[in-house]
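Source file: protein.txt; contents: compact mmCIF, C-alpha atoms.
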# COMPACT_ATOMS: atom_id res chain seq x y z
CA MET L 1 52.12 65.65 21.59
CA THR L 2 48.68 65.63 23.24
CA CYS L 3 48.44 68.03 26.17
CA PRO L 4 48.92 66.02 29.39
CA ILE L 5 46.62 68.37 31.28
CA GLU L 6 43.78 67.72 28.86
CA THR L 7 44.19 63.96 28.82
CA ARG L 8 44.04 62.72 32.35
CA GLU L 9 45.73 59.41 31.51
CA ASN L 10 48.85 61.34 30.45
CA ALA L 11 48.89 63.55 33.52
CA GLU L 12 51.54 61.36 35.09
CA LEU L 13 53.92 62.63 32.41
CA LEU L 14 53.93 66.01 34.09
CA LEU L 15 54.41 64.49 37.52
CA ASP L 16 57.26 62.34 36.25
CA TYR L 17 58.77 65.31 34.45
CA CYS L 18 58.78 67.36 37.67
CA ALA L 19 60.23 64.37 39.55
CA ARG L 20 62.89 64.05 36.80
CA LYS L 21 61.86 60.48 36.09
CA LEU L 22 61.23 60.84 32.35
CA ASP L 23 63.63 59.58 29.73
CA ALA L 24 65.48 62.09 27.57
CA GLU L 25 63.28 61.69 24.50
CA THR L 26 59.96 62.17 26.35
CA THR L 27 61.45 65.10 28.29
CA ARG L 28 62.42 66.79 25.01
CA LEU L 29 58.93 66.25 23.54
CA LEU L 30 57.21 67.53 26.66
CA GLU L 31 59.42 70.62 26.90
CA ARG L 32 58.67 71.42 23.29
CA HIS L 33 54.95 71.06 24.02
CA MET L 34 55.24 73.27 27.12
CA GLN L 35 56.70 76.12 25.10
CA GLY L 36 53.31 76.57 23.50
CA CYS L 37 51.07 75.44 26.38
CA PRO L 38 50.49 77.96 29.23
CA ALA L 39 48.48 75.42 31.28
CA CYS L 40 51.35 72.92 31.32
CA ARG L 41 53.86 75.68 32.11
CA GLU L 42 51.71 76.76 35.04
CA PHE L 43 51.47 73.17 36.25
CA ARG L 44 55.25 72.81 35.99
CA ALA L 45 55.87 76.00 37.97
CA GLY L 46 53.39 75.03 40.70
CA GLN L 47 54.70 71.49 40.94
CA LYS L 48 58.30 72.70 41.17
CA LEU L 49 57.39 75.00 44.06
CA LEU L 50 55.57 72.16 45.77
CA TRP L 51 58.51 69.81 45.19
CA ASP L 52 60.90 72.33 46.77
CA ALA L 53 58.56 72.84 49.71
CA LEU L 54 58.32 69.08 50.30
CA ASP L 55 62.11 68.81 50.07
CA ALA L 56 62.34 71.18 53.03
CA TRP L 57 60.68 68.52 55.18
CA GLU L 58 63.76 66.61 56.11
CA ALA L 59 63.84 63.20 57.67
CA MET L 60 63.94 62.97 61.44
CA PRO L 61 66.92 61.44 63.21
CA VAL L 62 66.40 57.86 64.35
CA SER L 63 66.81 57.00 68.05
CA GLY L 64 70.20 55.50 68.84
CA ASP L 65 68.67 52.59 70.74
CA PHE L 66 66.13 51.60 68.06
CA ASN L 67 67.91 48.34 67.19
CA ARG L 68 68.55 47.44 70.81
CA ARG L 69 64.85 47.89 71.67
CA LEU L 70 63.83 45.84 68.64
CA TYR L 71 66.16 42.95 69.44
CA ARG L 72 64.99 42.98 73.05
CA ARG L 73 61.39 42.69 71.85
CA ILE L 74 62.31 39.86 69.49
CA GLU L 75 64.05 38.03 72.33
CA GLU L 76 61.13 38.60 74.71
CA GLU L 77 58.74 37.39 72.06
CA SER L 78 60.69 34.22 71.38
CA ARG L 79 60.84 33.51 75.12
CA ALA L 80 57.13 34.26 75.43
CA GLY L 81 56.60 31.94 72.46
CA TRP L 82 58.11 29.02 74.36
CA ARG L 83 56.08 29.92 77.43
CA GLN L 84 52.92 30.11 75.34
CA ARG L 85 53.62 26.71 73.79
CA LEU L 86 54.14 25.24 77.25
CA MET L 87 51.00 26.93 78.54
CA ALA L 88 49.06 25.64 75.57
CA TRP L 89 50.33 22.14 76.31
CA ALA L 90 49.53 22.53 80.01
CA SER L 91 46.05 23.75 79.22
CA TRP L 92 45.38 20.37 77.54
CA ARG L 93 46.64 18.37 80.52
CA PRO L 94 43.24 17.98 82.30
CA ALA L 95 41.89 16.44 79.13
CA LEU L 96 44.61 13.77 78.99
CA PRO L 97 42.99 11.25 81.47
CA VAL L 98 39.68 11.63 79.66
CA ALA L 99 41.40 11.02 76.32
CA ALA L 100 43.20 7.96 77.74
CA ALA L 101 39.94 6.53 79.12
CA ALA L 102 38.24 7.13 75.80
CA CYS L 103 41.05 5.29 74.03
CA LEU L 104 40.70 2.32 76.41
CA VAL L 105 36.95 2.16 75.91
CA LEU L 106 37.37 2.27 72.15
CA ALA L 107 40.06 -0.41 72.20
CA GLY L 108 37.94 -2.60 74.51
CA SER L 109 34.86 -2.34 72.34
CA PHE L 110 36.93 -3.13 69.26
CA ILE L 111 38.37 -6.24 70.87
CA LEU L 112 34.96 -7.39 72.06
CA ARG L 113 33.46 -6.98 68.61
CA ASN L 114 36.38 -8.60 66.79
CA PRO L 115 37.79 -11.29 69.09
CA ALA L 116 39.30 -13.22 66.19
CA VAL L 117 41.22 -10.23 64.96
CA VAL L 118 43.18 -9.93 68.15
CA PRO L 119 44.62 -13.36 69.10
CA ASP L 120 45.00 -14.06 72.78
CA VAL L 121 48.69 -14.70 73.23
CA SER L 122 48.97 -14.30 76.98
CA PRO L 123 50.98 -17.10 78.86
CA GLU L 124 47.83 -18.24 80.62
CA ALA L 125 46.19 -18.71 77.28
CA VAL L 126 49.12 -20.82 76.06
CA VAL L 127 48.94 -23.01 79.18
CA THR L 128 45.19 -23.45 78.73
CA GLU L 129 45.71 -24.47 75.12
CA VAL L 130 48.27 -27.18 76.09
CA GLU L 131 45.96 -28.50 78.76
CA GLN L 132 43.12 -28.66 76.26
CA VAL L 133 45.28 -30.63 73.81
CA GLU L 134 46.38 -33.03 76.58
CA ARG L 135 42.80 -33.49 77.68
CA THR L 136 41.71 -34.17 74.11
CA LEU L 137 44.49 -36.73 73.70
CA ASP L 138 43.44 -38.40 76.98
CA ASP L 139 39.85 -38.48 75.77
CA LEU L 140 40.93 -40.06 72.49
CA GLU L 141 42.98 -42.65 74.39
CA MET L 142 40.01 -43.42 76.61
CA LEU L 143 37.76 -43.82 73.56
CA ARG L 144 40.32 -46.07 71.92
CA GLN L 145 40.43 -48.30 75.04
CA LEU L 146 36.65 -48.36 75.24
CA ASN L 147 36.54 -49.43 71.60
CA LEU L 148 39.03 -52.21 72.36
CA VAL L 149 36.92 -53.42 75.32
CA ALA L 150 33.79 -53.35 73.20
CA ARG L 151 35.50 -55.28 70.44
CA VAL L 152 36.70 -57.97 72.96
CA GLU L 153 33.18 -58.23 74.41
CA ASP L 154 31.72 -58.61 70.89
CA SER L 155 34.20 -61.35 69.96
CA SER L 156 33.55 -63.26 73.22
CA ARG L 157 29.77 -63.04 72.55
CA THR L 158 30.24 -64.44 69.03
CA MET L 159 32.40 -67.28 70.37
CA MET B 1 69.20 47.88 36.77
CA GLY B 2 70.46 48.95 40.17
CA ALA B 3 66.99 48.63 41.62
CA ALA B 4 66.66 45.14 40.14
CA VAL B 5 69.95 44.10 41.69
CA ALA B 6 68.88 45.64 45.01
CA LEU B 7 65.58 43.75 44.80
CA GLU B 8 67.26 40.44 44.27
CA TYR B 9 69.73 41.12 47.04
CA ASP B 10 67.01 42.13 49.53
CA ALA B 11 64.90 39.11 48.68
CA GLU B 12 67.98 36.93 48.98
CA LEU B 13 68.74 38.42 52.38
CA MET B 14 65.19 37.76 53.50
CA LEU B 15 65.44 34.16 52.29
CA ARG B 16 68.59 33.83 54.38
CA VAL B 17 66.68 35.22 57.37
CA LYS B 18 64.12 32.52 56.66
CA GLU B 19 66.90 29.96 56.98
CA GLY B 20 67.83 31.40 60.38
CA ASP B 21 70.57 33.86 59.45
CA GLY B 22 70.27 36.69 61.97
CA ALA B 23 73.07 38.71 60.33
CA SER B 24 70.97 39.11 57.16
CA PHE B 25 68.11 40.48 59.24
CA ALA B 26 70.54 43.02 60.72
CA VAL B 27 71.57 44.11 57.21
CA LEU B 28 67.93 44.60 56.17
CA LEU B 29 67.20 46.45 59.38
CA ASP B 30 70.12 48.84 58.89
CA LYS B 31 69.16 49.43 55.28
CA TYR B 32 65.44 50.07 55.74
CA ARG B 33 65.14 51.32 59.32
CA GLY B 34 65.57 54.95 58.19
CA PRO B 35 63.15 54.90 55.23
CA VAL B 36 60.47 53.07 57.22
CA ILE B 37 60.71 55.40 60.22
CA HIS B 38 60.72 58.50 58.01
CA PHE B 39 57.72 57.28 56.07
CA LEU B 40 55.82 56.50 59.27
CA TYR B 41 56.82 59.80 60.83
CA ARG B 42 55.46 61.70 57.84
CA MET B 43 52.29 59.59 57.98
CA VAL B 44 51.51 59.97 61.69
CA GLN B 45 53.63 63.09 62.38
CA ASN B 46 54.65 61.94 65.82
CA ARG B 47 58.19 60.72 66.40
CA SER B 48 57.60 58.28 69.23
CA ILE B 49 54.53 56.76 67.53
CA ALA B 50 56.50 56.49 64.27
CA GLU B 51 59.31 54.59 66.01
CA GLU B 52 56.85 52.38 67.84
CA LEU B 53 55.11 51.50 64.59
CA ALA B 54 58.48 50.92 62.88
CA GLN B 55 59.38 48.47 65.65
CA GLU B 56 56.14 46.64 64.94
CA VAL B 57 56.93 46.61 61.20
CA PHE B 58 60.31 44.92 61.73
CA LEU B 59 58.85 42.57 64.34
CA ARG B 60 56.27 41.47 61.78
CA VAL B 61 58.98 41.02 59.16
CA TYR B 62 60.90 38.83 61.59
CA ARG B 63 57.79 36.89 62.62
CA SER B 64 56.88 36.26 58.98
CA ARG B 65 60.33 35.00 58.01
CA ALA B 66 59.25 31.35 58.02
CA THR B 67 56.47 31.96 55.51
CA TYR B 68 58.28 34.59 53.40
CA GLU B 69 58.11 34.06 49.63
CA PRO B 70 59.72 36.61 47.31
CA ALA B 71 56.53 37.13 45.30
CA ALA B 72 56.98 40.92 45.17
CA LYS B 73 59.80 43.38 45.77
CA PHE B 74 60.97 43.29 49.36
CA THR B 75 60.33 47.04 49.69
CA THR B 76 56.76 46.60 48.44
CA TRP B 77 56.15 44.01 51.13
CA LEU B 78 57.86 46.12 53.77
CA PHE B 79 55.96 49.30 52.94
CA ARG B 80 52.75 47.37 52.70
CA ILE B 81 53.18 46.35 56.34
CA ALA B 82 54.19 49.90 57.30
CA THR B 83 51.26 51.50 55.45
CA HIS B 84 48.82 49.01 56.90
CA LEU B 85 49.99 49.80 60.44
CA ALA B 86 49.98 53.55 59.84
CA LEU B 87 46.51 53.57 58.31
CA ASN B 88 45.20 51.44 61.19
CA TRP B 89 46.77 53.76 63.73
CA LEU B 90 45.31 56.81 62.00
CA ARG B 91 41.89 55.19 61.83
CA ASP B 92 41.89 54.02 65.44
CA GLY B 93 43.62 57.01 67.00
CA ARG B 94 42.09 59.87 65.08
CA HIS B 95 39.79 60.89 67.95
CA GLU B 96 42.71 60.97 70.37
CA LYS B 97 45.01 62.63 67.89
CA GLY B 98 42.65 65.58 67.65
CA GLN B 99 43.46 66.45 71.24
CA GLU B 100 47.20 66.52 70.85
CA GLN B 101 49.38 68.70 68.73
CA LEU B 102 51.23 67.28 65.79
CA ASP B 103 54.57 65.88 66.85
CA ALA B 104 53.74 66.57 70.50
CA ASN B 105 56.50 64.28 71.76
CA ALA B 106 59.09 65.34 69.29
CA GLY B 107 61.16 67.72 71.36
CA PRO B 108 63.29 70.04 69.29
CA LEU B 109 62.60 69.83 65.58
CA PRO B 110 65.24 67.95 63.64
CA MET B 111 67.65 70.18 61.78
CA ARG B 112 70.65 68.90 59.92
CA GLU B 113 74.00 70.62 60.04
CA VAL B 114 73.82 71.58 56.37
CA ALA B 115 70.34 73.06 56.67
CA ASP B 116 71.32 74.91 59.82
CA ARG B 117 73.62 77.40 58.12
CA ARG B 118 70.95 80.08 57.93
CA PRO B 119 72.50 83.31 59.00
CA THR B 120 69.76 84.81 61.17
CA ILE B 121 67.13 83.76 63.64
CA GLU B 122 64.50 85.31 61.37
CA HIS B 123 65.47 82.91 58.61
CA ALA B 124 65.30 80.00 61.00
CA LEU B 125 61.85 81.07 62.15
CA LEU B 126 60.71 81.49 58.56
CA TYR B 127 62.03 78.03 57.76
CA GLN B 128 60.17 76.54 60.71
CA ALA B 129 56.96 78.28 59.73
CA LYS B 130 57.29 77.03 56.16
CA LEU B 131 57.98 73.52 57.36
CA GLU B 132 54.97 73.63 59.66
CA GLU B 133 52.75 74.67 56.76
CA VAL B 134 54.05 71.81 54.63
CA ARG B 135 53.44 69.36 57.45
CA GLN B 136 49.93 70.66 58.06
CA ALA B 137 49.12 70.52 54.35
CA VAL B 138 50.33 66.91 54.07
CA ALA B 139 48.54 65.95 57.30
CA ALA B 140 45.27 67.33 55.93
CA LEU B 141 45.35 65.00 52.92
CA PRO B 142 43.14 61.89 53.04
CA ASP B 143 45.16 58.97 54.45
CA LYS B 144 45.56 57.04 51.19
CA GLN B 145 46.52 60.14 49.23
CA ARG B 146 49.08 61.00 51.89
CA ALA B 147 50.57 57.51 51.79
CA ALA B 148 50.76 57.66 48.00
CA VAL B 149 52.46 61.08 48.01
CA LEU B 150 55.01 60.02 50.64
CA MET B 151 55.91 56.84 48.79
CA HIS B 152 56.10 58.67 45.45
CA LYS B 153 57.97 61.77 46.62
CA TYR B 154 60.26 60.56 49.40
CA GLU B 155 60.69 56.85 48.73
CA GLU B 156 60.68 57.29 44.93
CA MET B 157 58.57 54.18 44.49
CA GLU B 158 57.06 53.28 41.13
CA TYR B 159 53.33 53.51 40.48
CA SER B 160 53.09 49.72 40.27
CA GLN B 161 54.75 49.35 43.67
CA ILE B 162 52.51 51.97 45.29
CA ALA B 163 49.52 50.23 43.74
CA ARG B 164 50.52 46.92 45.32
CA VAL B 165 51.14 48.57 48.68
CA LEU B 166 47.76 50.32 48.65
CA ASN B 167 46.03 47.33 47.09
CA CYS B 168 44.58 49.26 44.18
CA SER B 169 45.17 49.66 40.46
CA GLU B 170 47.98 51.69 38.93
CA SER B 171 45.52 54.10 37.37
CA ALA B 172 43.90 54.60 40.79
CA VAL B 173 47.34 55.49 42.19
CA LYS B 174 47.95 58.01 39.41
CA SER B 175 44.58 59.53 40.09
CA LEU B 176 45.27 59.64 43.85
CA LEU B 177 48.60 61.33 43.26
CA PHE B 178 47.26 63.81 40.77
CA ARG B 179 44.50 64.90 43.15
CA ALA B 180 46.86 64.99 46.14
CA TYR B 181 49.44 67.16 44.38
CA GLU B 182 46.68 69.39 43.08
CA THR B 183 45.43 69.92 46.65
CA LEU B 184 48.95 70.53 47.97
CA ARG B 185 49.75 73.02 45.21
CA GLY B 186 46.59 74.91 46.13
CA ARG B 187 47.37 74.92 49.85
CA LEU B 188 51.01 75.87 49.48
CA ALA B 189 50.68 78.26 46.54
CA HIS B 190 51.15 81.30 48.78
CA MET B 191 54.65 80.09 49.69
CA ALA B 192 55.93 81.08 46.25

Would it be possible to restate this file's structure as structure tokens?
Amino acid sequence: MTCPIETRENAELLLDYCARKLDAETTRLLERHMQGCPACREFRAGQKLLWDALDAWEAMPVSGDFNRRLYRRIEEESRAGWRQRLMAWASWRPALPVAAAACLVLAGSFILRNPAVVPDVSPEAVVTEVEQVERTLDDLEMLRQLNLVARVEDSSRTM
Amino acid sequence: MGAAVALEYDAELMLRVKEGDGASFAVLLDKYRGPVIHFLYRMVQNRSIAEELAQEVFLRVYRSRATYEPAAKFTTWLFRIATHLALNWLRDGRHEKGQEQLDANAGPLPMREVADRRPTIEHALLYQAKLEEVRQAVAALPDKQRAAVLMHKYEEMEYSQIARVLNCSESAVKSLLFRAYETLRGRLAHMA
């Protein structure tokens, strides 16, 4: 086995060995190597001392009301979220009349440019259309009568 | 095997939280509240700050539930948030921290019943002195090295996980750890 101290890429072997994370086969190989390697034995001794010292640093107790405080914050945040959404909506309110006016202007200009696209179907328009048809029919009737008169006059002249 | 099962279960719980299951969030909170607070405490060495940051960690987890995707281990994601917050706090608050003692708001130091069986007050004082040296030695490490050591030693995270948390390569993590342990061995050698 290559000395883990000498080859930096294998140095984790020593760390894992001290943390008891190595598999049985690698542990056996490393222990055999350490028997003849003072540098690795020194590393192992130092790391074991360090490991024991770090173990002495126990975890702190957690406050009993940690969860309660967290859930209160979550609740406050969700309530604030609704408020913020409302505020965001309210902050757009002054712009609504402007937006509505802009929409009207756009719609008006569209209709003016494309009158055929938007048919006028208002009741007044329907009434006007009927009147126009009636007037046209009257005109045709008048023309027909005029033609009849003209034809009678022509025939009387030829007689 | 056990870790893989735990991973799937945690991710599954988080996916349930995503679907609006508050009970699953409570399970995750109970499971990881301790590890996250302990990690943060060892990072910032102030109990109230550690709890405050832990609250922020779980708030962020809850806020991110809608966009959660189990792309990595749940613990990797969780400790990534925790490390990010701790490193930011250390960066932003270093000038203020210099004026206050480590663990200034801690009150009495935590001692478990088992560890408290030392027969004499001298032993207790020795223990406290030793603990203080360990804490000072860890606190003196560069922030990233400290985070790597805490995740490796106390949370028993794999190199690949630590690498993802610290956003660096696995070989960079090994190098960080090797240097950090080397420094700690040097500083704490007299405790032998």

Could you pull the residues within 12 Å of Lys18 in chain B, counting all atoms listed in the file, minus those fewer than 4 positions along the same chain, as an mmCIF file with C-alpha atoms, in the frame of the given file?
data_model
loop_
_atom_site.group_PDB
_atom_site.id
_atom_site.type_symbol
_atom_site.label_atom_id
_atom_site.label_comp_id
_atom_site.auth_asym_id
_atom_site.auth_seq_id
_atom_site.Cartn_x
_atom_site.Cartn_y
_atom_site.Cartn_z
ATOM 1 C CA ALA B 11 64.900 39.110 48.680
ATOM 2 C CA GLU B 12 67.980 36.930 48.980
ATOM 3 C CA LEU B 13 68.740 38.420 52.380
ATOM 4 C CA MET B 14 65.190 37.760 53.500
ATOM 5 C CA GLY B 22 70.270 36.690 61.970
ATOM 6 C CA ALA B 23 73.070 38.710 60.330
ATOM 7 C CA SER B 24 70.970 39.110 57.160
ATOM 8 C CA PHE B 25 68.110 40.480 59.240
ATOM 9 C CA VAL B 61 58.980 41.020 59.160
ATOM 10 C CA TYR B 62 60.900 38.830 61.590
ATOM 11 C CA ARG B 63 57.790 36.890 62.620
ATOM 12 C CA SER B 64 56.880 36.260 58.980
ATOM 13 C CA ARG B 65 60.330 35.000 58.010
ATOM 14 C CA ALA B 66 59.250 31.350 58.020
ATOM 15 C CA THR B 67 56.470 31.960 55.510
ATOM 16 C CA TYR B 68 58.280 34.590 53.400
ATOM 17 C CA GLU B 69 58.110 34.060 49.630
ATOM 18 C CA PRO B 70 59.720 36.610 47.310
#

With distances taken over all atoms listed in the file, the candidate from B:Leu150, B:Thr75, B:Lys144, B:His38 nearest chain L is B:His38

Residues of chain B within 8 Å of chain L, only C-alpha atoms counted, as a PDB file with C-alpha atoms, keeping the file's coordinate frame:
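Saved result, iface-v8.pdb, follows:
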ATOM      1  CA  GLY B  34      65.570  54.950  58.190  1.00  0.00           C
ATOM      2  CA  ILE B  37      60.710  55.400  60.220  1.00  0.00           C
ATOM      3  CA  HIS B  38      60.720  58.500  58.010  1.00  0.00           C
ATOM      4  CA  TYR B  41      56.820  59.800  60.830  1.00  0.00           C
ATOM      5  CA  ARG B  47      58.190  60.720  66.400  1.00  0.00           C
ATOM      6  CA  GLU B  51      59.310  54.590  66.010  1.00  0.00           C
ATOM      7  CA  GLN B  55      59.380  48.470  65.650  1.00  0.00           C
ATOM      8  CA  PHE B  58      60.310  44.920  61.730  1.00  0.00           C
ATOM      9  CA  LEU B  59      58.850  42.570  64.340  1.00  0.00           C
ATOM     10  CA  PRO B 110      65.240  67.950  63.640  1.00  0.00           C
ATOM     11  CA  MET B 111      67.650  70.180  61.780  1.00  0.00           C
ATOM     12  CA  LYS B 130      57.290  77.030  56.160  1.00  0.00           C
ATOM     13  CA  LEU B 131      57.980  73.520  57.360  1.00  0.00           C
ATOM     14  CA  VAL B 134      54.050  71.810  54.630  1.00  0.00           C
ATOM     15  CA  ARG B 135      53.440  69.360  57.450  1.00  0.00           C
ATOM     16  CA  LYS B 153      57.970  61.770  46.620  1.00  0.00           C
ATOM     17  CA  SER B 171      45.520  54.100  37.370  1.00  0.00           C
ATOM     18  CA  LYS B 174      47.950  58.010  39.410  1.00  0.00           C
ATOM     19  CA  PHE B 178      47.260  63.810  40.770  1.00  0.00           C
ATOM     20  CA  TYR B 181      49.440  67.160  44.380  1.00  0.00           C
ATOM     21  CA  LEU B 184      48.950  70.530  47.970  1.00  0.00           C
ATOM     22  CA  ARG B 185      49.750  73.020  45.210  1.00  0.00           C
ATOM     23  CA  LEU B 188      51.010  75.870  49.480  1.00  0.00           C
ATOM     24  CA  ALA B 189      50.680  78.260  46.540  1.00  0.00           C
ATOM     25  CA  ALA B 192      55.930  81.080  46.250  1.00  0.00           C
TER      26      ALA B 192
END

Mind pulling up the distance from CA of Leu85 in chain B to CA of Leu53 in chain B?
6.8 Å

Work out how far apart CA of Leu15 in chain B and CA of Ala54 in chain B are and give it in Å to one decimal.
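Straight-line distance from CA of Leu15 in chain B to CA of Ala54 in chain B works out to 21.0 Å.
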
How many Å separate CA of Ile49 in chain B from CA of Ala129 in chain B?
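Separating CA of Ile49 in chain B from CA of Ala129 in chain B is a distance of 23.0 Å.
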
Name all residues at most 12 Å from Cys3 in chain L (count all atoms listed in the file; drop same-chain ones fewer than 6 positions away) and give them as a tab-separated table (two decimals) with C-alpha atoms, keeping the file's coordinate frame.
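The result, written out as result.tsv:
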chain	number	residue	atom	x	y	z
L	9	GLU	CA	45.73	59.41	31.51
L	10	ASN	CA	48.85	61.34	30.45
L	11	ALA	CA	48.89	63.55	33.52
L	12	GLU	CA	51.54	61.36	35.09
L	13	LEU	CA	53.92	62.63	32.41
L	14	LEU	CA	53.93	66.01	34.09
L	29	LEU	CA	58.93	66.25	23.54
L	30	LEU	CA	57.21	67.53	26.66
L	31	GLU	CA	59.42	70.62	26.90
L	32	ARG	CA	58.67	71.42	23.29
L	33	HIS	CA	54.95	71.06	24.02
L	34	MET	CA	55.24	73.27	27.12
L	35	GLN	CA	56.70	76.12	25.10
L	36	GLY	CA	53.31	76.57	23.50
L	37	CYS	CA	51.07	75.44	26.38
L	38	PRO	CA	50.49	77.96	29.23
L	39	ALA	CA	48.48	75.42	31.28
L	40	CYS	CA	51.35	72.92	31.32
L	41	ARG	CA	53.86	75.68	32.11
L	43	PHE	CA	51.47	73.17	36.25

For Trp89 in chain B, which of B:Asp143, B:Glu122, B:Glu156, B:Glu133 is the closest residue, counting only C-alpha atoms?
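Distance minimum relative to Trp89 in chain B lands on B:Asp143.
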